[in-house]
Amino acid sequence: MNLTKNNRTDKNRKETFFKYLFLFCAFVAVISVFAITFFVFARGLKPFMPWNDSGYSLIDFLSGVEWRPGSDKFGILYMIIGSLLATIGAITIGVPIGLFTAVFIAELAPKKIANIVRPAVELLAGIPSILYGVFGLGMIVKILTKYSPNAQGQSLLATILVLTIMILPTVITMSETAIRAVPSCYRDGSLALGASKIQTVFKVIIPAAKSGIFAGVVLGIGRAIGETMAVMLVSGNPIAGIPTSLWDRVRPLTTNIALEMGYASGTHQDLLFSTGVVLFIFIMIINLALNKLVHNKIK
Amino acid sequence: MVDNNKFYIKDLNLYYDTLRALKDVNLQIKSNKVTAFIGPSGCGKSTLIRCLNRMNDLIEGVKINGLVAIDNTDIYGDIDVITLRTKVGMVFQKPNPFPMSCYDNIAYGPRCQGVKSKTDIDAIVEKSLKQAALWDEVKDRLNKSALGLSGGQQQRLCIARAIAMEPEVILMDEPTSALDPIATAKIEELIENLKKSYTIVIVTHSMQQAARISDNTAFFLSGEIIESDTTSNIFTNPINKKTEDYITGRFG
């Protein structure tokens with residue numbers, strides 16, 4: 001066995017090397033987020049700067065309800081509303097379904113059934129979003145076309161339904177984890193007082209798990225508002241008009257960028273970045289809300 | 001069966017999968033008395049007490065045979081478990097108030113049974129807390145979280161929560177093992193007062209505690225009841241050698 005100093009220095013060198021390797025890896029994420037933010041904001045805010053001759057009015061951009069690059073009309077209000085309505089709709093349907101699924105898996109289901117449902121949910125999370133879109137187009141849109149007063153099935157409703165399915169895994173997994181983390185002494189205490197299983201779930205377990213469940217809801221909102229590929233195939237992407245019914249087509253912020261970034265140039269391209277800025281701000285609000293929730297949980 | 005028996009247990013066997021945790025247990029538990037279960041860890045005392053309100057039902061793989069009767073009704077027969085648990089309250093080893101206000105903790109059980117009127121619930125909360133000797137300490141903070149109370153206060157809150165159901169029996173599974181001596185003394189004093197109105201069954205690791213507060217004692221060893229009698233007989237004049245060895249501290 002060689003116990004010379006030389007050997008130890010070698011080990012120290014290794015330690016130092018790995019320390020910096022880890023540090024570097026950590027910085028990749030941090031640098032990326034700053035680079036993306038800077039890039040998107042720099043390009044996206046450019047058209048609204050007073051010194052930019054070929055710019056565009058911020059107010060027109062945020063309050064316009066038409067997107068006609070050919071005639072220099074770039075209004076995204078109807079997209080913001082479309083994105084928000086689609087998200088609210090997906091949350092309204094998806095959260096109760098997801099929460100009840102989580103309760104079922106964690107509290108009520110016999111082991112055998114839970115062991116079928118849980119992997120199914122995990123698989124749902126892993127399906128690429130384009131396949132959700134294909135499914136939405138081939139099934140949901142097709143069915144909706146039959147019932148829609150409009151000529152096509154692409155609609156706010158189709159978007160909501162696809163997003164609902166897409167947020168389910170997030171809501172279910174987060175809620176199930178939160179429910180399992182509720183100490184079993186609460187469960188025992190409640191049942192020993194003569195509460196039924198369902199009373200125990202609604203009055204003790206869900207309230208005790210609520211911060212984790214909220215975190216799942218917030219993540220679900222983030223997923224719904226940021227989803228692009230699946231939504232693009234089923235939303236219809238009109239060039240104008242605030243949606244007024246579930247059958248109306250919508251053009252979420254994300255698909256606006258994806259549809260046109262490939263060929264746009266000049267102010268048109270900059271304004272697609274501006275759309276990204278608006279999207280970014282929504283996501284940042286959601287993340288702040290999530291951080292606050294997680295922070296509250298620790299307290 | 002004599003009339004002053006609350007529970008009548010005959011030839012009770014309990015299995016966790018293949019492990020036989022209770023072996024031919026025979027015991028009568030008297031009304032309005034304190035019955036203590038003593039014995040070393042893992043001897044089946046907690047298992048037996050959890051048979052009395054069917055909390056063992058929650059554990060997967062439990063099989064039970066034999067008779068457990070309350071007031072001459074077989075509790076493993078065709079009965080409503082929820083009603084049973086409202087009649088047989090339970091206090092656990094670790095204080096487990098729900099993460100809600102003191103008031104809501106006490107109101108929880110009655111509300112689950114459908115009591116809605118605010119005046120009724122107010123009255124139940126006050127009465128239960130007074131019976132649990134906690135009213136003076138919490139009356140000004142009823143709407144604050146119960147988790148802010150001390151361990152001893154939390155345990156008395158759990159007792160009050162059980163009392164709020166107006167049970168006939170209160171089961172206590174090592175209710176003071178997580179508490180300091182002063183809090184323990186308060187709970188023991190409380191048990192002394194409660195036995196006038198309730199039948200109390202208490203599992204304890206402390207032989208002094210059993211001697212201080214109980215009227216009857218059952219000594220458990222490896223899933224069997226070795227001896228059960230009045231507490232004074234068990235402690236001063238045990239019939240079985242193993243009982244004597246245990247209470248004189250020779251093992252366990």
# chains A, B, ... in the order shown; residues from 1 in each chain; ligands from 1
$ interface_residues --of "chain A" --to "chain B" --cutoff "8 Å" --atoms "only C-alpha atoms" --output "list in words"
Cys185, Tyr186, Asp188, Gly189, Ser190, Leu191, Ala192, Leu193, Gly194, Ala195, Ser196, Gln199, Val204 and Ala208 of chain A
$ write_last_selection --atoms "N, CA and C atoms" --output "compact mmCIF listing (two decimals), in the first residue's frame"
# COMPACT_ATOMS: atom_id res chain seq x y z
N CYS A 185 -51.57 9.24 11.54
CA CYS A 185 -52.26 9.44 12.82
C CYS A 185 -53.49 10.32 12.63
N TYR A 186 -53.50 11.19 11.62
CA TYR A 186 -54.71 11.99 11.36
C TYR A 186 -55.85 11.09 10.89
N ASP A 188 -56.14 7.81 11.43
CA ASP A 188 -56.61 6.98 12.55
C ASP A 188 -57.49 7.80 13.48
N GLY A 189 -57.04 9.03 13.78
CA GLY A 189 -57.79 9.87 14.71
C GLY A 189 -59.20 10.12 14.20
N SER A 190 -59.30 10.38 12.93
CA SER A 190 -60.60 10.68 12.35
C SER A 190 -61.50 9.44 12.35
N LEU A 191 -60.94 8.31 11.92
CA LEU A 191 -61.76 7.09 11.86
C LEU A 191 -62.17 6.65 13.26
N ALA A 192 -61.28 6.83 14.23
CA ALA A 192 -61.59 6.43 15.61
C ALA A 192 -62.71 7.29 16.19
N LEU A 193 -62.94 8.46 15.61
CA LEU A 193 -64.04 9.31 16.08
C LEU A 193 -65.35 8.95 15.38
N GLY A 194 -65.32 7.90 14.59
CA GLY A 194 -66.56 7.49 13.94
C GLY A 194 -66.81 8.21 12.62
N ALA A 195 -65.77 8.85 12.07
CA ALA A 195 -65.95 9.45 10.75
C ALA A 195 -65.85 8.36 9.69
N SER A 196 -66.58 8.52 8.60
CA SER A 196 -66.47 7.55 7.51
C SER A 196 -65.20 7.83 6.72
N GLN A 199 -65.66 11.04 4.75
CA GLN A 199 -65.55 12.22 5.62
C GLN A 199 -64.09 12.48 5.97
N VAL A 204 -60.28 15.89 6.63
CA VAL A 204 -58.96 15.89 7.27
C VAL A 204 -57.83 15.77 6.25
N ALA A 208 -55.29 18.73 4.96
CA ALA A 208 -53.90 18.61 5.42
C ALA A 208 -52.93 18.56 4.24
$ select_by_dssp --residues "range 47-231 of chain B" --states "alpha helix (DSSP H)" --output "JSON, numbers by chain"
{"B": [47, 48, 49, 50, 51, 81, 82, 83, 84, 85, 86, 87, 102, 103, 104, 105, 106, 107, 108, 109, 110, 111, 112, 118, 119, 120, 121, 122, 123, 124, 125, 126, 127, 128, 129, 130, 131, 135, 136, 137, 138, 151, 152, 153, 154, 155, 156, 157, 158, 159, 160, 161, 162, 163, 181, 182, 183, 184, 185, 186, 187, 188, 189, 190, 191, 192, 193, 194, 207, 208, 209, 210, 211, 212, 213, 231]}
$ residues_around --residues "range 72-76 of chain B" --least-positions-apart "6" --cutoff "9 Å" --atoms "only C-alpha atoms" --output "count of residues only"
12
$ closest_residue --among "B:Ile226, B:Leu171, B:Ala183, B:Ile59" --to "Leu22 in chain B" --atoms "only C-alpha atoms"
B:Ile226
$ select_by_dssp --residues "range 44-224 of chain A" --states "strand (DSSP E or B)" --output "count of residues only"
5
$ closest_residue --among "B:Cys43, B:Ala36, B:Val25, B:Ile124" --to "Ser222 in chain B" --atoms "only C-alpha atoms"
B:Cys43
$ atom_distance --atom1 "CA of Lys111 in chain A" --atom2 "CA of Cys51 in chain B"
23.5 Å
$ residues_around --residues "range 134-145 of chain B" --least-positions-apart "2" --cutoff "8 Å" --atoms "only C-alpha atoms" --output "short mmCIF file (atom, residue, chain, number, x, y, z; two decimals) with C-alpha atoms, in the first residue's frame"
data_model
loop_
_atom_site.label_atom_id
_atom_site.label_comp_id
_atom_site.auth_asym_id
_atom_site.auth_seq_id
_atom_site.Cartn_x
_atom_site.Cartn_y
_atom_site.Cartn_z
CA PRO B 99 -54.20 20.57 11.88
CA MET B 100 -57.16 22.85 12.54
CA SER B 101 -58.36 25.07 15.36
CA CYS B 102 -58.97 23.72 18.88
CA TYR B 103 -62.67 24.38 18.40
CA ASP B 104 -62.84 22.53 15.09
CA GLU B 126 -67.25 23.87 26.16
CA LEU B 129 -63.02 20.85 27.19
CA LYS B 130 -64.19 21.37 30.78
CA GLN B 131 -64.43 17.62 31.31
CA ALA B 132 -60.92 17.25 29.92
CA LEU B 147 -50.82 22.36 16.86
CA GLY B 148 -49.68 25.38 18.89
CA LEU B 149 -50.57 23.66 22.17
CA GLN B 153 -52.46 20.05 26.22
CA ARG B 156 -56.02 16.45 26.72
CA LEU B 157 -57.51 18.01 23.58
#
$ residues_around --residues "range 268-280 of chain A" --least-positions-apart "5" --cutoff "10 Å" --atoms "only C-alpha atoms" --output "number ranges by chain"
A: 37, 39-48, 55-56, 58, 61-62, 68-70, 72-76, 79-80, 83, 225-226, 252-254, 256-263, 285-286
$ write_last_selection --atoms "N, CA and C atoms" --output "CSV table (one decimal), in the first residue's frame"
chain,number,residue,atom,x,y,z
A,37,THR,N,-34.1,34.4,-21.0
A,37,THR,CA,-34.8,35.5,-20.6
A,37,THR,C,-34.3,36.8,-21.3
A,39,PHE,N,-32.5,37.1,-24.1
A,39,PHE,CA,-32.7,37.0,-25.5
A,39,PHE,C,-34.2,37.3,-25.9
A,40,VAL,N,-35.1,36.7,-25.2
A,40,VAL,CA,-36.5,36.9,-25.5
A,40,VAL,C,-37.0,38.3,-25.2
A,41,PHE,N,-36.5,38.8,-24.0
A,41,PHE,CA,-36.9,40.2,-23.7
A,41,PHE,C,-36.3,41.2,-24.6
A,42,ALA,N,-35.0,41.0,-24.9
A,42,ALA,CA,-34.3,42.0,-25.8
A,42,ALA,C,-35.0,42.1,-27.1
A,43,ARG,N,-35.3,40.9,-27.7
A,43,ARG,CA,-36.0,41.0,-29.0
A,43,ARG,C,-37.4,41.4,-28.9
A,44,GLY,N,-38.1,40.9,-27.8
A,44,GLY,CA,-39.5,41.1,-27.7
A,44,GLY,C,-39.9,42.6,-27.3
A,45,LEU,N,-38.9,43.2,-26.6
A,45,LEU,CA,-39.3,44.6,-26.2
A,45,LEU,C,-38.8,45.6,-27.2
A,46,LYS,N,-38.0,45.2,-28.2
A,46,LYS,CA,-37.4,46.1,-29.2
A,46,LYS,C,-38.5,46.9,-29.9
A,47,PRO,N,-39.6,46.3,-30.4
A,47,PRO,CA,-40.6,47.1,-31.2
A,47,PRO,C,-41.2,48.2,-30.5
A,48,PHE,N,-41.2,48.1,-29.1
A,48,PHE,CA,-41.9,49.1,-28.3
A,48,PHE,C,-41.1,50.3,-27.9
A,55,GLY,N,-41.1,50.5,-35.2
A,55,GLY,CA,-41.7,49.8,-34.1
A,55,GLY,C,-43.2,49.6,-34.2
A,56,TYR,N,-43.8,49.3,-33.0
A,56,TYR,CA,-45.2,49.0,-33.0
A,56,TYR,C,-45.7,49.5,-31.6
A,58,LEU,N,-47.2,49.5,-28.1
A,58,LEU,CA,-47.4,48.5,-27.1
A,58,LEU,C,-48.9,48.4,-26.8
A,61,PHE,N,-50.6,46.5,-29.5
A,61,PHE,CA,-50.2,45.1,-29.4
A,61,PHE,C,-51.0,44.4,-28.4
A,62,LEU,N,-51.1,45.0,-27.2
A,62,LEU,CA,-51.8,44.3,-26.1
A,62,LEU,C,-53.3,44.4,-26.1
A,68,ARG,N,-52.9,40.4,-38.4
A,68,ARG,CA,-52.8,40.3,-39.8
A,68,ARG,C,-51.4,40.9,-40.2
A,69,PRO,N,-50.4,40.1,-40.2
A,69,PRO,CA,-49.0,40.6,-40.5
A,69,PRO,C,-49.0,41.3,-41.9
A,70,GLY,N,-49.8,40.8,-42.8
A,70,GLY,CA,-49.9,41.4,-44.2
A,70,GLY,C,-50.3,42.9,-44.1
A,72,ASP,N,-50.0,44.8,-41.4
A,72,ASP,CA,-49.4,45.5,-40.2
A,72,ASP,C,-50.4,45.6,-39.0
A,73,LYS,N,-51.2,44.5,-38.8
A,73,LYS,CA,-52.0,44.5,-37.6
A,73,LYS,C,-51.5,43.4,-36.7
A,74,PHE,N,-51.0,43.8,-35.5
A,74,PHE,CA,-50.5,42.8,-34.6
A,74,PHE,C,-51.1,42.9,-33.2
A,75,GLY,N,-52.3,42.4,-33.1
A,75,GLY,CA,-53.0,42.5,-31.8
A,75,GLY,C,-53.1,41.1,-31.1
A,76,ILE,N,-52.7,41.0,-29.8
A,76,ILE,CA,-52.7,39.7,-29.2
A,76,ILE,C,-53.8,39.6,-28.1
A,79,MET,N,-55.6,36.5,-28.2
A,79,MET,CA,-54.8,35.3,-27.9
A,79,MET,C,-54.6,35.1,-26.4
A,80,ILE,N,-54.4,36.3,-25.7
A,80,ILE,CA,-54.3,36.2,-24.2
A,80,ILE,C,-55.6,35.6,-23.7
A,83,SER,N,-55.7,31.9,-24.5
A,83,SER,CA,-54.9,31.1,-23.6
A,83,SER,C,-55.5,31.0,-22.2
A,225,ILE,N,-50.8,26.5,-19.9
A,225,ILE,CA,-50.6,27.7,-20.6
A,225,ILE,C,-49.4,27.7,-21.6
A,226,GLY,N,-48.5,26.8,-21.3
A,226,GLY,CA,-47.3,26.7,-22.1
A,226,GLY,C,-47.4,25.7,-23.2
A,252,PRO,N,-54.0,30.4,-29.1
A,252,PRO,CA,-53.2,30.7,-27.8
A,252,PRO,C,-51.9,31.3,-28.2
A,253,LEU,N,-51.3,32.0,-27.2
A,253,LEU,CA,-50.0,32.7,-27.4
A,253,LEU,C,-49.0,31.8,-28.0
A,254,THR,N,-48.9,30.6,-27.5
A,254,THR,CA,-47.8,29.7,-27.8
A,254,THR,C,-47.9,29.3,-29.3
A,256,ASN,N,-49.3,30.9,-31.7
A,256,ASN,CA,-49.0,32.1,-32.5
A,256,ASN,C,-47.5,32.1,-32.9
A,257,ILE,N,-46.7,31.9,-31.9
A,257,ILE,CA,-45.2,31.9,-32.1
A,257,ILE,C,-44.8,30.7,-33.0
A,258,ALA,N,-45.3,29.5,-32.7
A,258,ALA,CA,-44.9,28.4,-33.4
A,258,ALA,C,-45.3,28.4,-34.9
A,259,LEU,N,-46.5,28.9,-35.1
A,259,LEU,CA,-47.0,28.9,-36.5
A,259,LEU,C,-46.2,29.8,-37.4
A,260,GLU,N,-45.7,31.0,-36.9
A,260,GLU,CA,-45.1,31.9,-37.8
A,260,GLU,C,-43.7,32.2,-37.7
A,261,MET,N,-43.0,31.7,-36.6
A,261,MET,CA,-41.6,32.1,-36.4
A,261,MET,C,-40.8,31.6,-37.5
A,262,GLY,N,-41.2,30.5,-38.2
A,262,GLY,CA,-40.4,29.9,-39.3
A,262,GLY,C,-40.1,30.9,-40.4
A,263,TYR,N,-41.1,31.7,-40.8
A,263,TYR,CA,-40.9,32.5,-41.9
A,263,TYR,C,-40.9,34.0,-41.7
A,285,ILE,N,-45.3,34.6,-13.2
A,285,ILE,CA,-46.3,34.7,-12.2
A,285,ILE,C,-46.6,33.4,-11.5
A,286,ILE,N,-46.8,32.4,-12.4
A,286,ILE,CA,-47.1,31.1,-11.9
A,286,ILE,C,-46.0,30.5,-11.0
$ atom_distance --atom1 "CA of Ile160 in chain A" --atom2 "CA of Ile172 in chain A"
17.6 Å
$ atom_distance --atom1 "CA of Ile198 in chain A" --atom2 "CA of Tyr16 in chain B"
26.1 Å
$ residues_around --residues "range 204-210 of chain B" --least-positions-apart "4" --cutoff "6 Å" --atoms "only C-alpha atoms" --output "JSON, numbers by chain"
{"B": [36, 38, 174, 214]}
$ residues_around --residues "range 116-120 of chain A" --least-positions-apart "4" --cutoff "12 Å" --atoms "only C-alpha atoms" --output "PyMOL selection string"
chain A and resi 98+101-106+109-112+124-127+168-169+172-173+176-177
$ write_last_selection --atoms "all heavy atoms" --output "short mmCIF file (atom, residue, chain, number, x, y, z; two decimals), in the first residue's frame"
data_model
loop_
_atom_site.label_atom_id
_atom_site.label_comp_id
_atom_site.auth_asym_id
_atom_site.auth_seq_id
_atom_site.Cartn_x
_atom_site.Cartn_y
_atom_site.Cartn_z
N GLY A 98 -58.48 14.94 -11.46
CA GLY A 98 -57.15 14.55 -10.99
C GLY A 98 -57.12 14.31 -9.49
O GLY A 98 -56.55 13.33 -9.02
N THR A 101 -58.91 11.14 -8.62
CA THR A 101 -58.08 9.99 -8.98
C THR A 101 -57.01 9.77 -7.92
O THR A 101 -56.77 8.64 -7.48
CB THR A 101 -57.40 10.23 -10.35
OG1 THR A 101 -58.39 10.62 -11.29
CG2 THR A 101 -56.69 8.98 -10.83
N ALA A 102 -56.37 10.87 -7.49
CA ALA A 102 -55.31 10.76 -6.48
C ALA A 102 -55.86 10.19 -5.18
O ALA A 102 -55.25 9.30 -4.58
CB ALA A 102 -54.68 12.13 -6.24
N VAL A 103 -57.02 10.67 -4.76
CA VAL A 103 -57.65 10.16 -3.54
C VAL A 103 -57.93 8.67 -3.69
O VAL A 103 -57.65 7.86 -2.81
CB VAL A 103 -58.96 10.92 -3.23
CG1 VAL A 103 -59.76 10.19 -2.16
CG2 VAL A 103 -58.66 12.34 -2.80
N PHE A 104 -58.43 8.33 -4.86
CA PHE A 104 -58.76 6.93 -5.12
C PHE A 104 -57.51 6.05 -5.01
O PHE A 104 -57.51 5.04 -4.30
CB PHE A 104 -59.39 6.79 -6.51
CG PHE A 104 -59.75 5.38 -6.86
CD1 PHE A 104 -60.84 4.75 -6.27
CD2 PHE A 104 -59.00 4.67 -7.79
CE1 PHE A 104 -61.17 3.45 -6.59
CE2 PHE A 104 -59.32 3.36 -8.11
CZ PHE A 104 -60.41 2.75 -7.51
N ILE A 105 -56.43 6.47 -5.69
CA ILE A 105 -55.21 5.65 -5.66
C ILE A 105 -54.64 5.57 -4.25
O ILE A 105 -54.23 4.52 -3.79
CB ILE A 105 -54.13 6.23 -6.60
CG1 ILE A 105 -54.64 6.33 -8.03
CG2 ILE A 105 -52.90 5.34 -6.59
CD1 ILE A 105 -53.64 6.99 -8.96
N ALA A 106 -54.60 6.73 -3.57
CA ALA A 106 -53.88 6.78 -2.30
C ALA A 106 -54.70 6.25 -1.14
O ALA A 106 -54.14 5.72 -0.19
CB ALA A 106 -53.44 8.22 -2.01
N ALA A 109 -58.52 2.77 -3.19
CA ALA A 109 -58.42 1.62 -4.09
C ALA A 109 -57.72 0.45 -3.42
O ALA A 109 -56.75 0.64 -2.70
CB ALA A 109 -57.67 2.01 -5.35
N PRO A 110 -58.20 -0.76 -3.69
CA PRO A 110 -57.43 -1.94 -3.27
C PRO A 110 -56.09 -1.92 -4.02
O PRO A 110 -56.01 -1.37 -5.13
CB PRO A 110 -58.28 -3.12 -3.74
CG PRO A 110 -59.60 -2.55 -4.13
CD PRO A 110 -59.42 -1.11 -4.41
N LYS A 111 -55.07 -2.48 -3.40
CA LYS A 111 -53.72 -2.43 -3.97
C LYS A 111 -53.70 -2.82 -5.45
O LYS A 111 -53.05 -2.18 -6.26
CB LYS A 111 -52.80 -3.38 -3.19
CG LYS A 111 -51.84 -2.63 -2.28
CD LYS A 111 -50.83 -3.59 -1.68
CE LYS A 111 -50.10 -2.93 -0.51
NZ LYS A 111 -49.56 -3.92 0.41
N LYS A 112 -54.43 -3.89 -5.78
CA LYS A 112 -54.40 -4.39 -7.16
C LYS A 112 -54.83 -3.33 -8.16
O LYS A 112 -54.20 -3.14 -9.19
CB LYS A 112 -55.34 -5.61 -7.29
CG LYS A 112 -54.66 -6.92 -6.98
CD LYS A 112 -55.60 -8.08 -7.28
CE LYS A 112 -55.12 -9.35 -6.61
NZ LYS A 112 -56.20 -10.33 -6.43
N LEU A 124 -49.22 8.19 -19.10
CA LEU A 124 -49.89 9.36 -19.68
C LEU A 124 -48.95 10.57 -19.65
O LEU A 124 -48.91 11.36 -20.58
CB LEU A 124 -51.16 9.66 -18.87
CG LEU A 124 -52.20 10.60 -19.48
CD1 LEU A 124 -52.74 10.03 -20.76
CD2 LEU A 124 -53.34 10.83 -18.49
N ALA A 125 -48.17 10.67 -18.55
CA ALA A 125 -47.24 11.79 -18.41
C ALA A 125 -46.13 11.71 -19.45
O ALA A 125 -45.57 12.72 -19.86
CB ALA A 125 -46.65 11.82 -17.00
N GLY A 126 -45.81 10.50 -19.88
CA GLY A 126 -44.67 10.35 -20.77
C GLY A 126 -45.00 10.45 -22.25
O GLY A 126 -44.10 10.47 -23.08
N ILE A 127 -46.28 10.49 -22.59
CA ILE A 127 -46.65 10.55 -24.00
C ILE A 127 -46.25 11.89 -24.60
O ILE A 127 -46.58 12.93 -24.03
CB ILE A 127 -48.17 10.31 -24.16
CG1 ILE A 127 -48.52 8.88 -23.75
CG2 ILE A 127 -48.62 10.59 -25.58
CD1 ILE A 127 -50.01 8.58 -23.73
N LEU A 168 -53.67 16.13 -16.34
CA LEU A 168 -54.04 15.10 -15.35
C LEU A 168 -52.83 14.47 -14.64
O LEU A 168 -52.82 14.41 -13.42
CB LEU A 168 -54.89 14.01 -16.00
CG LEU A 168 -56.37 14.33 -16.18
CD1 LEU A 168 -57.08 13.15 -16.82
CD2 LEU A 168 -57.02 14.68 -14.85
N PRO A 169 -51.80 14.00 -15.38
CA PRO A 169 -50.70 13.35 -14.68
C PRO A 169 -50.05 14.26 -13.63
O PRO A 169 -49.73 13.81 -12.53
CB PRO A 169 -49.70 13.02 -15.79
CG PRO A 169 -50.49 13.06 -17.04
CD PRO A 169 -51.61 14.01 -16.84
N ILE A 172 -52.49 14.62 -10.68
CA ILE A 172 -52.64 13.35 -9.96
C ILE A 172 -51.38 13.03 -9.16
O ILE A 172 -51.43 12.73 -7.97
CB ILE A 172 -52.95 12.19 -10.93
CG1 ILE A 172 -54.31 12.39 -11.58
CG2 ILE A 172 -52.89 10.85 -10.20
CD1 ILE A 172 -54.61 11.43 -12.72
N THR A 173 -50.22 13.11 -9.82
CA THR A 173 -48.99 12.72 -9.15
C THR A 173 -48.70 13.62 -7.95
O THR A 173 -48.38 13.13 -6.86
CB THR A 173 -47.80 12.77 -10.14
OG1 THR A 173 -48.20 12.11 -11.34
CG2 THR A 173 -46.59 12.08 -9.58
N GLU A 176 -51.31 12.95 -5.20
CA GLU A 176 -51.13 11.66 -4.54
C GLU A 176 -49.96 11.72 -3.57
O GLU A 176 -50.06 11.23 -2.44
CB GLU A 176 -50.88 10.55 -5.58
CG GLU A 176 -51.03 9.16 -4.98
CD GLU A 176 -50.28 8.08 -5.72
OE1 GLU A 176 -49.96 8.26 -6.90
OE2 GLU A 176 -50.01 7.04 -5.09
N THR A 177 -48.86 12.35 -4.01
CA THR A 177 -47.71 12.49 -3.12
C THR A 177 -48.11 13.25 -1.85
O THR A 177 -47.75 12.88 -0.74
CB THR A 177 -46.57 13.23 -3.84
OG1 THR A 177 -46.37 12.61 -5.11
CG2 THR A 177 -45.29 13.19 -3.05
#
